[in-house]
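Reproduced below: upload_19.txt, with compact mmCIF, C-alpha atoms.
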# COMPACT_ATOMS: atom_id res chain seq x y z
CA MET A 1 102.10 111.56 117.89
CA LEU A 2 101.37 111.55 114.17
CA GLN A 3 104.32 111.64 111.80
CA VAL A 4 104.49 112.52 108.12
CA GLY A 5 105.42 109.67 105.83
CA ASN A 6 103.12 107.10 107.41
CA TYR A 7 99.56 105.81 107.10
CA TYR A 8 97.01 106.33 109.86
CA THR A 9 93.34 105.49 110.34
CA LEU A 10 91.70 108.70 111.59
CA LYS A 11 88.15 109.71 112.45
CA VAL A 12 86.32 112.51 110.60
CA ILE A 13 85.42 115.20 113.16
CA ARG A 14 83.90 117.86 110.87
CA ALA A 15 83.24 118.63 107.23
CA LYS A 16 83.86 121.89 105.37
CA PRO A 17 83.68 122.91 101.68
CA ILE A 18 87.48 122.60 101.42
CA GLY A 19 87.39 119.03 102.74
CA VAL A 20 87.03 117.14 106.00
CA PHE A 21 89.05 117.47 109.18
CA LEU A 22 90.42 114.38 110.86
CA ASP A 23 91.06 113.82 114.55
CA ASP A 24 94.78 114.38 115.17
CA GLY A 25 94.43 115.05 118.89
CA ASN A 26 94.58 118.77 118.21
CA SER A 27 92.57 121.17 116.03
CA GLY A 28 92.11 118.70 113.20
CA LEU A 29 94.03 117.59 110.12
CA LEU A 30 92.74 118.53 106.67
CA LEU A 31 91.88 115.95 104.05
CA PRO A 32 91.25 118.10 100.93
CA ALA A 33 87.87 117.66 99.22
CA ARG A 34 89.36 116.09 96.09
CA PHE A 35 90.59 113.13 98.19
CA VAL A 36 87.42 112.62 100.28
CA PRO A 37 85.36 109.52 99.33
CA LYS A 38 81.87 110.57 98.22
CA THR A 39 79.94 108.80 100.98
CA THR A 40 82.13 110.11 103.82
CA LYS A 41 80.34 111.54 106.85
CA THR A 42 81.28 112.77 110.32
CA GLY A 43 82.33 109.89 112.54
CA ASP A 44 83.69 107.76 109.71
CA GLU A 45 87.25 106.46 109.91
CA LEU A 46 89.54 106.85 106.90
CA LYS A 47 92.96 105.41 106.14
CA VAL A 48 95.15 108.31 105.05
CA PHE A 49 98.78 109.13 104.33
CA LEU A 50 100.37 112.24 105.88
CA TYR A 51 102.77 114.58 104.10
CA HIS A 52 103.54 118.27 103.52
CA ASP A 53 101.67 120.01 100.69
CA SER A 54 103.09 122.74 98.44
CA ASP A 55 102.35 125.34 101.14
CA ASP A 56 104.36 123.30 103.65
CA ARG A 57 101.26 122.31 105.63
CA ILE A 58 100.85 118.80 107.00
CA ILE A 59 97.80 117.36 105.29
CA ALA A 60 96.22 113.96 104.66
CA THR A 61 95.57 112.18 101.40
CA THR A 62 93.83 108.98 100.34
CA GLN A 63 96.28 108.71 97.44
CA GLN A 64 98.81 105.90 97.88
CA PRO A 65 102.48 106.85 97.46
CA LYS A 66 104.96 104.41 95.92
CA GLY A 67 106.77 104.28 99.23
CA ILE A 68 106.48 105.45 102.84
CA LEU A 69 109.00 106.73 105.37
CA GLY A 70 111.93 104.30 105.54
CA ASP A 71 111.17 102.52 102.27
CA ILE A 72 113.78 102.03 99.55
CA VAL A 73 112.12 102.44 96.16
CA ASN A 74 112.85 102.92 92.47
CA LEU A 75 111.44 106.28 91.33
CA LYS A 76 111.43 108.40 88.18
CA VAL A 77 112.89 111.92 88.01
CA VAL A 78 110.31 114.39 86.71
CA ASN A 79 112.17 117.66 87.25
CA ILE A 80 115.69 118.98 87.85
CA THR A 81 116.67 122.25 89.59
CA HIS A 82 119.92 123.76 90.88
CA GLN A 83 118.97 122.54 94.37
CA GLY A 84 118.24 118.93 93.43
CA ALA A 85 115.84 116.58 91.68
CA PHE A 86 112.13 115.84 92.06
CA LEU A 87 110.77 112.30 91.89
CA ASP A 88 107.32 111.02 91.03
CA TRP A 89 106.18 108.96 94.01
CA GLY A 90 102.47 108.90 93.26
CA LEU A 91 101.36 112.07 95.11
CA MET A 92 100.51 115.54 93.81
CA LYS A 93 103.66 116.95 95.40
CA ASP A 94 106.85 115.32 94.10
CA LEU A 95 109.56 113.93 96.39
CA PHE A 96 112.75 116.03 96.62
CA VAL A 97 116.32 114.68 96.42
CA PRO A 98 118.83 117.36 97.50
CA LYS A 99 122.01 117.56 95.45
CA SER A 100 123.95 116.63 98.58
CA GLN A 101 122.03 113.34 98.69
CA GLN A 102 122.72 112.35 95.08
CA VAL A 103 125.35 109.82 94.06
CA SER A 104 124.80 109.66 90.31
CA PHE A 105 124.16 112.48 87.89
CA MET A 106 120.37 112.47 87.98
CA ARG A 107 118.56 113.28 84.75
CA ARG A 108 114.94 113.91 83.89
CA GLY A 109 113.16 110.69 82.94
CA GLY A 110 115.71 108.44 84.64
CA PHE A 111 114.88 105.93 87.38
CA TYR A 112 116.90 105.87 90.60
CA ILE A 113 116.87 103.75 93.75
CA VAL A 114 116.43 105.98 96.79
CA LYS A 115 115.46 105.80 100.45
CA ILE A 116 112.66 107.99 101.79
CA TYR A 117 113.77 109.76 104.95
CA LEU A 118 112.75 112.64 107.22
CA ASP A 119 114.98 115.70 106.96
CA GLU A 120 115.87 116.66 110.55
CA GLN A 121 116.26 120.36 109.78
CA THR A 122 113.05 120.93 107.83
CA GLY A 123 110.89 118.10 109.16
CA ARG A 124 109.90 117.30 105.57
CA LEU A 125 110.09 114.06 103.67
CA ALA A 126 112.97 113.76 101.22
CA ALA A 127 114.92 111.05 99.40
CA THR A 128 118.56 110.02 99.27
CA GLU A 129 120.62 107.89 96.90
CA LYS A 130 123.09 107.20 99.72
CA ILE A 131 121.40 103.99 100.82
CA ASP A 132 124.41 101.83 101.74
CA GLN A 133 124.52 103.37 105.21
CA PHE A 134 121.03 102.00 105.88
CA LEU A 135 121.79 98.42 104.79
CA SER A 136 123.51 95.93 107.08
CA ASN A 137 123.78 92.17 107.51
CA GLU A 138 125.51 92.44 110.87
CA VAL A 139 122.31 91.63 112.79
CA LEU A 140 119.77 89.76 110.66
CA THR A 141 116.01 90.11 111.06
CA VAL A 142 115.22 87.25 108.64
CA LYS A 143 115.60 83.47 108.68
CA GLU A 144 115.80 80.72 106.08
CA LYS A 145 112.57 80.01 104.15
CA GLU A 146 111.06 83.32 105.31
CA GLU A 147 109.09 85.28 102.70
CA VAL A 148 110.56 88.72 102.01
CA THR A 149 110.36 91.68 99.64
CA LEU A 150 113.23 92.03 97.17
CA LEU A 151 114.45 95.10 95.28
CA VAL A 152 117.10 94.59 92.59
CA LEU A 153 120.02 96.91 93.39
CA ARG A 154 122.81 96.01 90.94
CA ARG A 155 124.39 93.25 88.89
CA SER A 156 127.27 91.14 90.17
CA ASP A 157 129.45 88.36 88.73
CA LEU A 158 127.28 85.80 90.54
CA GLY A 159 123.83 87.20 89.77
CA PHE A 160 122.06 90.25 91.17
CA VAL A 161 122.52 92.03 94.49
CA VAL A 162 119.11 92.71 96.03
CA ILE A 163 117.82 94.68 98.97
CA ILE A 164 115.84 92.53 101.42
CA ASN A 165 112.96 94.16 103.34
CA ASN A 166 114.68 97.59 103.09
CA LYS A 167 117.31 96.35 105.59
CA HIS A 168 119.70 93.70 104.28
CA THR A 169 121.44 92.72 101.06
CA GLY A 170 121.46 89.32 99.41
CA LEU A 171 122.39 87.55 96.22
CA LEU A 172 119.71 86.49 93.75
CA ASP A 173 120.42 83.83 91.15
CA VAL A 174 117.64 84.25 88.60
CA TYR A 175 116.21 82.27 85.74
CA ARG A 176 114.04 85.07 84.42
CA PRO A 177 114.77 88.48 82.85
CA ILE A 178 114.93 91.22 85.47
CA GLU A 179 116.09 94.82 85.57
CA ILE A 180 117.71 97.08 88.15
CA GLY A 181 114.91 98.56 90.26
CA ASP A 182 112.51 95.62 89.86
CA GLN A 183 110.67 94.75 93.06
CA PHE A 184 108.96 91.43 93.78
CA PRO A 185 108.33 88.88 96.55
CA GLY A 186 110.93 86.25 97.32
CA HIS A 187 112.23 84.11 100.17
CA ILE A 188 115.46 83.42 102.00
CA LYS A 189 117.10 80.33 100.50
CA THR A 190 120.27 80.09 102.59
CA ILE A 191 122.10 82.12 105.23
CA LEU A 192 125.82 81.51 104.80
CA PRO A 193 128.76 82.17 107.18
CA GLY A 194 129.33 85.87 107.65
CA ASN A 195 125.57 86.47 107.34
CA LYS A 196 125.71 86.35 103.56
CA ILE A 197 122.24 85.66 102.19
CA ASP A 198 121.11 83.78 99.11
CA VAL A 199 117.55 84.54 98.04
CA VAL A 200 115.08 83.16 95.53
CA ALA A 201 112.17 84.84 93.78
CA GLY A 202 108.69 83.62 94.76
CA LYS A 203 107.41 81.64 97.74
CA PRO A 204 109.41 78.86 99.38
CA GLY A 205 108.98 75.24 98.27
CA TYR A 206 105.48 73.88 98.19
CA ALA A 207 104.08 77.09 99.64
CA ARG A 208 103.99 78.45 96.08
CA VAL A 209 102.77 75.29 94.39
CA GLY A 210 99.12 75.95 95.22
CA ASP A 211 99.18 79.35 93.55
CA GLU A 212 101.01 78.05 90.49
CA SER A 213 98.76 74.99 90.24
CA ASP A 214 95.70 77.23 90.10
CA LYS A 215 97.44 79.33 87.46
CA ILE A 216 98.17 76.26 85.30
CA LEU A 217 94.56 75.06 85.59
CA MET A 218 93.28 78.47 84.54
CA MET A 219 95.65 78.57 81.54
CA LEU A 220 94.57 75.06 80.51
CA GLU A 221 90.93 76.12 80.59
CA GLU A 222 91.75 79.20 78.52
CA ASN A 223 93.56 77.07 75.90
CA GLY A 224 91.05 74.31 75.23
CA GLY A 225 92.29 71.97 77.96
CA PHE A 226 95.73 71.30 76.49
CA LEU A 227 99.16 72.97 76.65
CA PRO A 228 102.26 71.71 74.78
CA TYR A 229 104.67 71.90 77.74
CA HIS A 230 106.23 68.95 79.56
CA ASP A 231 109.42 67.63 81.20
CA LYS A 232 111.41 68.03 77.99
CA SER A 233 110.44 71.68 77.51
CA SER A 234 113.30 74.11 78.10
CA PRO A 235 113.32 76.39 81.17
CA GLN A 236 113.16 79.38 78.82
CA GLU A 237 110.03 78.05 77.06
CA ILE A 238 108.29 77.39 80.36
CA TYR A 239 109.18 80.77 81.84
CA SER A 240 108.16 82.59 78.65
CA PHE A 241 104.66 81.09 78.79
CA PHE A 242 103.98 80.50 82.51
CA SER A 243 106.31 83.07 84.15
CA MET A 244 107.63 80.37 86.49
CA SER A 245 110.76 78.26 86.73
CA LYS A 246 110.86 74.76 85.28
CA LYS A 247 111.31 73.38 88.81
CA THR A 248 108.14 75.11 90.00
CA PHE A 249 106.31 73.97 86.85
CA LYS A 250 107.24 70.35 87.54
CA MET A 251 106.21 70.61 91.19
CA ALA A 252 102.87 72.20 90.29
CA THR A 253 102.03 69.78 87.48
CA GLY A 254 103.08 66.87 89.71
CA ALA A 255 100.66 68.05 92.38
CA LEU A 256 97.86 68.39 89.80
CA TYR A 257 98.60 64.91 88.45
CA LYS A 258 98.35 63.38 91.94
CA GLN A 259 95.03 65.19 92.40
CA ARG A 260 93.90 63.63 89.07
CA LYS A 261 93.20 67.07 87.60
CA ILE A 262 95.57 66.74 84.64
CA GLU A 263 97.04 64.06 82.45
CA LEU A 264 100.76 64.10 81.60
CA THR A 265 101.52 63.14 78.00
CA SER A 266 104.64 63.07 75.84
CA SER A 267 103.39 66.16 73.98
CA GLY A 268 102.10 68.24 76.88
CA ILE A 269 99.62 68.47 79.75
CA LYS A 270 95.91 67.79 79.36
CA LEU A 271 93.04 68.85 81.57
CA ILE A 272 90.92 65.98 82.88
CA GLU A 273 87.22 66.78 82.55
Show how you would write the structure in this file as structure tokens.
Amino acid sequence: MLQVGNYYTLKVIRAKPIGVFLDDGNSGLLLPARFVPKTTKTGDELKVFLYHDSDDRIIATTQQPKGILGDIVNLKVVNITHQGAFLDWGLMKDLFVPKSQQVSFMRRGGFYIVKIYLDEQTGRLAATEKIDQFLSNEVLTVKEKEEVTLLVLRRSDLGFVVIINNKHTGLLDVYRPIEIGDQFPGHIKTILPGNKIDVVAGKPGYARVGDESDKILMMLEENGGFLPYHDKSSPQEIYSFFSMSKKTFKMATGALYKQRKIELTSSGIKLIE
């Protein structure tokens, strides 16, 4: 059974001036003409997202929302009414946050972290700021060194509290400037007693060195084969230029040196022709 808030790959069963109809196991699901790829024909399969339009009909779209059912995302308020707030989530119809589901005093233009859920009474997608009830570390679905998605929730005395894979919370100790609501890949550094989780931005260990090594080579080529960064450079200088930690920089340049792709000098790194 198809459910709003999710992606599906559906077959085109007929075309009309208003759009194409997709096989939903019933009479067909409309994909409006403005979202239909130009070369689409009957029998083609299209990846679409399902939601309710302004007339409360379930329709399909090839637009990509900023989150799907169950996701926790950082979205901007574009309108306020007596009933609640409307968020821009990348579709023509904005996402509604009922007043009863608000924690802070939402204002137009502000960004808020919300969870996308299905309202049981209306069957429509909505959002809630009351996300703590959906986060738990009681039973973990992650393990150490596993790559995860992180969303910055709030500051703490020890760093930043982040949401892990829309399910758990962890502590991020960062070396780079970040803001509440930022989302980026990371990995599980340590799982402590009581299922407390320490996380790190980026890929684990040498898994990220290949990507960063390629990045350094590209930046060397773009700067005449030489960059004035080395072991004595400060972490802030390295992050400002390379957007990576000094530890990662040293691992990546060490790997390139062993591959005889760069030369390490007292004044910087040099590309070997």
Note to self: Would you compute the distance between CA of Ile164 in chain A and CA of Pro185 in chain A? Give it in Å to one decimal.
What the structure shows: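 Answer for the CA of Ile164 in chain A to CA of Pro185 in chain A separation: 9.7 Å.
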Wanna dump the range 117-181 of chain A-range 72-95 of chain A contacts at 7 Å for me, each residue with its shortest atom pair and the distance in Å to one decimal, counting all atoms listed in the file, ordered by chain and number, as a Markdown table?
| residue | atom | partner | partner_atom | distance |
| --- | --- | --- | --- | --- |
| A:Ala126 | CA | A:Leu95 | CA | 5.9 |
| A:Ala127 | CA | A:Leu95 | CA | 6.8 |
| A:Asn166 | CA | A:Ile72 | CA | 5.7 |
| A:Gly181 | CA | A:Asn74 | CA | 5.3 |
Next item on the list: Pick out the residues sitting within 12 Å of Asp56 in chain A, and hand them over as a ChimeraX atom specification; count all atoms listed in the file, and ignore anything fewer than 4 positions along from it in its own chain.
Entry: /A:4,50-52,93,122-125
Note to self: Would you pick out the contacts of Tyr239 in chain A at 12 Å or less, using all atoms listed in the file, so that residues sharing its chain but fewer than 4 positions from it are not included, and give the list as a PyMOL selection string?
What the structure shows: chain A and resi 174-177+229+233-235+243-249
Got time to write the residues from that selection, C-alpha atoms, as a PDB file, keeping the file's coordinate frame?
ATOM      1  CA  VAL A 174     117.640  84.250  88.600  1.00  0.00           C
ATOM      2  CA  TYR A 175     116.210  82.270  85.740  1.00  0.00           C
ATOM      3  CA  ARG A 176     114.040  85.070  84.420  1.00  0.00           C
ATOM      4  CA  PRO A 177     114.770  88.480  82.850  1.00  0.00           C
ATOM      5  CA  TYR A 229     104.670  71.900  77.740  1.00  0.00           C
ATOM      6  CA  SER A 233     110.440  71.680  77.510  1.00  0.00           C
ATOM      7  CA  SER A 234     113.300  74.110  78.100  1.00  0.00           C
ATOM      8  CA  PRO A 235     113.320  76.390  81.170  1.00  0.00           C
ATOM      9  CA  SER A 243     106.310  83.070  84.150  1.00  0.00           C
ATOM     10  CA  MET A 244     107.630  80.370  86.490  1.00  0.00           C
ATOM     11  CA  SER A 245     110.760  78.260  86.730  1.00  0.00           C
ATOM     12  CA  LYS A 246     110.860  74.760  85.280  1.00  0.00           C
ATOM     13  CA  LYS A 247     111.310  73.380  88.810  1.00  0.00           C
ATOM     14  CA  THR A 248     108.140  75.110  90.000  1.00  0.00           C
ATOM     15  CA  PHE A 249     106.310  73.970  86.850  1.00  0.00           C
TER      16      PHE A 249
END
Next item on the list: Give as a ChimeraX atom specification the set of residues within 10 Å of the point (100.5, 109.7, 119.7), where distances use the file's coordinates and all atoms listed in the file.
Entry: /A:1-3,24-25
Residues from the last selection, C-alpha atoms, saved as an mmCIF file, in the frame of the given file:
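File produced: out_21.cif:
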data_model
loop_
_atom_site.group_PDB
_atom_site.id
_atom_site.type_symbol
_atom_site.label_atom_id
_atom_site.label_comp_id
_atom_site.auth_asym_id
_atom_site.auth_seq_id
_atom_site.Cartn_x
_atom_site.Cartn_y
_atom_site.Cartn_z
ATOM 1 C CA MET A 1 102.100 111.560 117.890
ATOM 2 C CA LEU A 2 101.370 111.550 114.170
ATOM 3 C CA GLN A 3 104.320 111.640 111.800
ATOM 4 C CA ASP A 24 94.780 114.380 115.170
ATOM 5 C CA GLY A 25 94.430 115.050 118.890
#
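CA of Ile113 in chain A is positioned 23.9 Å from CA of Ser54 in chain A.
Residues with any atom within 8 Å of range 186-201 of chain A, counting all atoms listed in the file and excluding same-chain neighbours fewer than 5 positions away, are Asn137, Glu138, Leu140, Val142, Lys143, Glu144, Lys145, Glu146, Glu147, Val148, Thr149, Leu150, Thr169, Gly170, Leu171, Leu172, Asp173 and Val174 of chain A.
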Next item on the list: Around the point (90.2, 111.9, 115.9), in the coordinates given by the file, pick out the residues reaching within 9 Å, counting all atoms listed in the file, and return them as a list in words.
Entry: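 With a cut-off of 9 Å, the residues come to Leu10, Lys11, Val12, Ile13, Phe21, Leu22, Asp23, Asp24, Gly25, Asn26, Gly28, Leu29, Gly43 and Glu45 of chain A.
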Slice of the block: range 143-245 of chain A, C-alpha atoms, as a PDB file, in the first residue's frame:
ATOM      1  CA  LYS A 143      28.091   0.652  16.325  1.00  0.00           C
ATOM      2  CA  GLU A 144      31.546   2.167  16.685  1.00  0.00           C
ATOM      3  CA  LYS A 145      33.200   3.356  13.436  1.00  0.00           C
ATOM      4  CA  GLU A 146      29.856   3.221  11.599  1.00  0.00           C
ATOM      5  CA  GLU A 147      29.134   6.090   9.199  1.00  0.00           C
ATOM      6  CA  VAL A 148      26.027   8.067  10.144  1.00  0.00           C
ATOM      7  CA  THR A 149      24.119  11.261   9.386  1.00  0.00           C
ATOM      8  CA  LEU A 150      24.376  14.026  11.985  1.00  0.00           C
ATOM      9  CA  LEU A 151      22.065  16.973  12.644  1.00  0.00           C
ATOM     10  CA  VAL A 152      23.226  19.615  15.133  1.00  0.00           C
ATOM     11  CA  LEU A 153      20.502  19.996  17.775  1.00  0.00           C
ATOM     12  CA  ARG A 154      21.927  22.305  20.465  1.00  0.00           C
ATOM     13  CA  ARG A 155      25.067  23.467  22.231  1.00  0.00           C
ATOM     14  CA  SER A 156      26.310  21.892  25.447  1.00  0.00           C
ATOM     15  CA  ASP A 157      29.184  22.546  27.860  1.00  0.00           C
ATOM     16  CA  LEU A 158      31.150  19.735  26.188  1.00  0.00           C
ATOM     17  CA  GLY A 159      30.445  20.526  22.536  1.00  0.00           C
ATOM     18  CA  PHE A 160      27.285  20.046  20.492  1.00  0.00           C
ATOM     19  CA  VAL A 161      24.416  17.605  20.970  1.00  0.00           C
ATOM     20  CA  VAL A 162      23.581  16.005  17.620  1.00  0.00           C
ATOM     21  CA  ILE A 163      20.832  13.772  16.310  1.00  0.00           C
ATOM     22  CA  ILE A 164      22.170  10.528  14.822  1.00  0.00           C
ATOM     23  CA  ASN A 165      20.257   8.954  11.913  1.00  0.00           C
ATOM     24  CA  ASN A 166      16.990  10.547  13.136  1.00  0.00           C
ATOM     25  CA  LYS A 167      17.016   8.100  16.088  1.00  0.00           C
ATOM     26  CA  HIS A 168      19.705   8.709  18.702  1.00  0.00           C
ATOM     27  CA  THR A 169      21.583  11.579  20.305  1.00  0.00           C
ATOM     28  CA  GLY A 170      25.322  11.970  20.650  1.00  0.00           C
ATOM     29  CA  LEU A 171      28.002  14.461  21.557  1.00  0.00           C
ATOM     30  CA  LEU A 172      30.116  16.095  18.859  1.00  0.00           C
ATOM     31  CA  ASP A 173      33.434  17.702  19.710  1.00  0.00           C
ATOM     32  CA  VAL A 174      34.201  19.900  16.715  1.00  0.00           C
ATOM     33  CA  TYR A 175      37.190  21.729  15.344  1.00  0.00           C
ATOM     34  CA  ARG A 176      35.257  23.659  12.730  1.00  0.00           C
ATOM     35  CA  PRO A 177      32.559  26.365  12.889  1.00  0.00           C
ATOM     36  CA  ILE A 178      29.073  24.869  12.886  1.00  0.00           C
ATOM     37  CA  GLU A 179      25.567  26.131  13.572  1.00  0.00           C
ATOM     38  CA  ILE A 180      22.406  24.679  15.068  1.00  0.00           C
ATOM     39  CA  GLY A 181      20.556  22.880  12.264  1.00  0.00           C
ATOM     40  CA  ASP A 182      23.667  21.978  10.252  1.00  0.00           C
ATOM     41  CA  GLN A 183      23.538  18.486   8.784  1.00  0.00           C
ATOM     42  CA  PHE A 184      26.536  16.484   7.589  1.00  0.00           C
ATOM     43  CA  PRO A 185      27.999  12.960   7.511  1.00  0.00           C
ATOM     44  CA  GLY A 186      29.938  11.652  10.478  1.00  0.00           C
ATOM     45  CA  HIS A 187      30.803   8.424  12.258  1.00  0.00           C
ATOM     46  CA  ILE A 188      30.497   6.852  15.685  1.00  0.00           C
ATOM     47  CA  LYS A 189      33.735   7.397  17.596  1.00  0.00           C
ATOM     48  CA  THR A 190      32.923   5.734  20.922  1.00  0.00           C
ATOM     49  CA  ILE A 191      29.937   4.173  22.660  1.00  0.00           C
ATOM     50  CA  LEU A 192      30.287   4.798  26.385  1.00  0.00           C
ATOM     51  CA  PRO A 193      28.563   3.148  29.392  1.00  0.00           C
ATOM     52  CA  GLY A 194      24.887   4.026  29.505  1.00  0.00           C
ATOM     53  CA  ASN A 195      24.805   4.085  25.681  1.00  0.00           C
ATOM     54  CA  LYS A 196      26.229   7.586  25.552  1.00  0.00           C
ATOM     55  CA  ILE A 197      27.684   8.230  22.104  1.00  0.00           C
ATOM     56  CA  ASP A 198      30.629  10.337  21.005  1.00  0.00           C
ATOM     57  CA  VAL A 199      30.635  11.173  17.307  1.00  0.00           C
ATOM     58  CA  VAL A 200      33.043  12.764  14.856  1.00  0.00           C
ATOM     59  CA  ALA A 201      32.365  14.623  11.622  1.00  0.00           C
ATOM     60  CA  GLY A 202      33.497  12.890   8.418  1.00  0.00           C
ATOM     61  CA  LYS A 203      34.419   9.296   7.639  1.00  0.00           C
ATOM     62  CA  PRO A 204      36.248   7.048  10.105  1.00  0.00           C
ATOM     63  CA  GLY A 205      40.041   6.809  10.070  1.00  0.00           C
ATOM     64  CA  TYR A 206      41.681   6.010   6.782  1.00  0.00           C
ATOM     65  CA  ALA A 207      38.315   5.591   5.083  1.00  0.00           C
ATOM     66  CA  ARG A 208      38.301   9.360   4.547  1.00  0.00           C
ATOM     67  CA  VAL A 209      41.964   9.726   3.630  1.00  0.00           C
ATOM     68  CA  GLY A 210      41.407   8.744  -0.007  1.00  0.00           C
ATOM     69  CA  ASP A 211      38.817  11.472  -0.518  1.00  0.00           C
ATOM     70  CA  GLU A 212      40.926  14.100   1.231  1.00  0.00           C
ATOM     71  CA  SER A 213      44.085  13.034  -0.615  1.00  0.00           C
ATOM     72  CA  ASP A 214      42.339  13.566  -3.941  1.00  0.00           C
ATOM     73  CA  LYS A 215      41.141  16.940  -2.695  1.00  0.00           C
ATOM     74  CA  ILE A 216      44.683  18.008  -1.737  1.00  0.00           C
ATOM     75  CA  LEU A 217      46.053  16.902  -5.121  1.00  0.00           C
ATOM     76  CA  MET A 218      43.362  18.899  -6.914  1.00  0.00           C
ATOM     77  CA  MET A 219      44.093  22.002  -4.815  1.00  0.00           C
ATOM     78  CA  LEU A 220      47.824  21.648  -5.499  1.00  0.00           C
ATOM     79  CA  GLU A 221      47.159  21.508  -9.232  1.00  0.00           C
ATOM     80  CA  GLU A 222      44.940  24.585  -8.979  1.00  0.00           C
ATOM     81  CA  ASN A 223      47.673  26.516  -7.109  1.00  0.00           C
ATOM     82  CA  GLY A 224      50.715  25.913  -9.282  1.00  0.00           C
ATOM     83  CA  GLY A 225      51.826  22.720  -7.539  1.00  0.00           C
ATOM     84  CA  PHE A 226      52.625  24.267  -4.160  1.00  0.00           C
ATOM     85  CA  LEU A 227      50.681  25.078  -0.980  1.00  0.00           C
ATOM     86  CA  PRO A 228      52.218  26.763   2.107  1.00  0.00           C
ATOM     87  CA  TYR A 229      50.768  24.343   4.685  1.00  0.00           C
ATOM     88  CA  HIS A 230      52.726  21.829   6.757  1.00  0.00           C
ATOM     89  CA  ASP A 231      53.077  20.212  10.205  1.00  0.00           C
ATOM     90  CA  LYS A 232      53.634  23.581  11.882  1.00  0.00           C
ATOM     91  CA  SER A 233      50.492  25.153  10.405  1.00  0.00           C
ATOM     92  CA  SER A 234      47.744  25.756  12.953  1.00  0.00           C
ATOM     93  CA  PRO A 235      44.541  23.666  12.910  1.00  0.00           C
ATOM     94  CA  GLN A 236      42.597  26.862  12.180  1.00  0.00           C
ATOM     95  CA  GLU A 237      44.759  27.686   9.128  1.00  0.00           C
ATOM     96  CA  ILE A 238      44.380  24.178   7.749  1.00  0.00           C
ATOM     97  CA  TYR A 239      40.632  24.043   8.302  1.00  0.00           C
ATOM     98  CA  SER A 240      40.147  27.521   6.810  1.00  0.00           C
ATOM     99  CA  PHE A 241      41.838  26.472   3.559  1.00  0.00           C
ATOM    100  CA  PHE A 242      41.155  22.725   3.241  1.00  0.00           C
ATOM    101  CA  SER A 243      37.960  22.337   5.335  1.00  0.00           C
ATOM    102  CA  MET A 244      39.525  19.387   7.167  1.00  0.00           C
ATOM    103  CA  SER A 245      41.105  18.811  10.561  1.00  0.00           C
TER     104      SER A 245
END
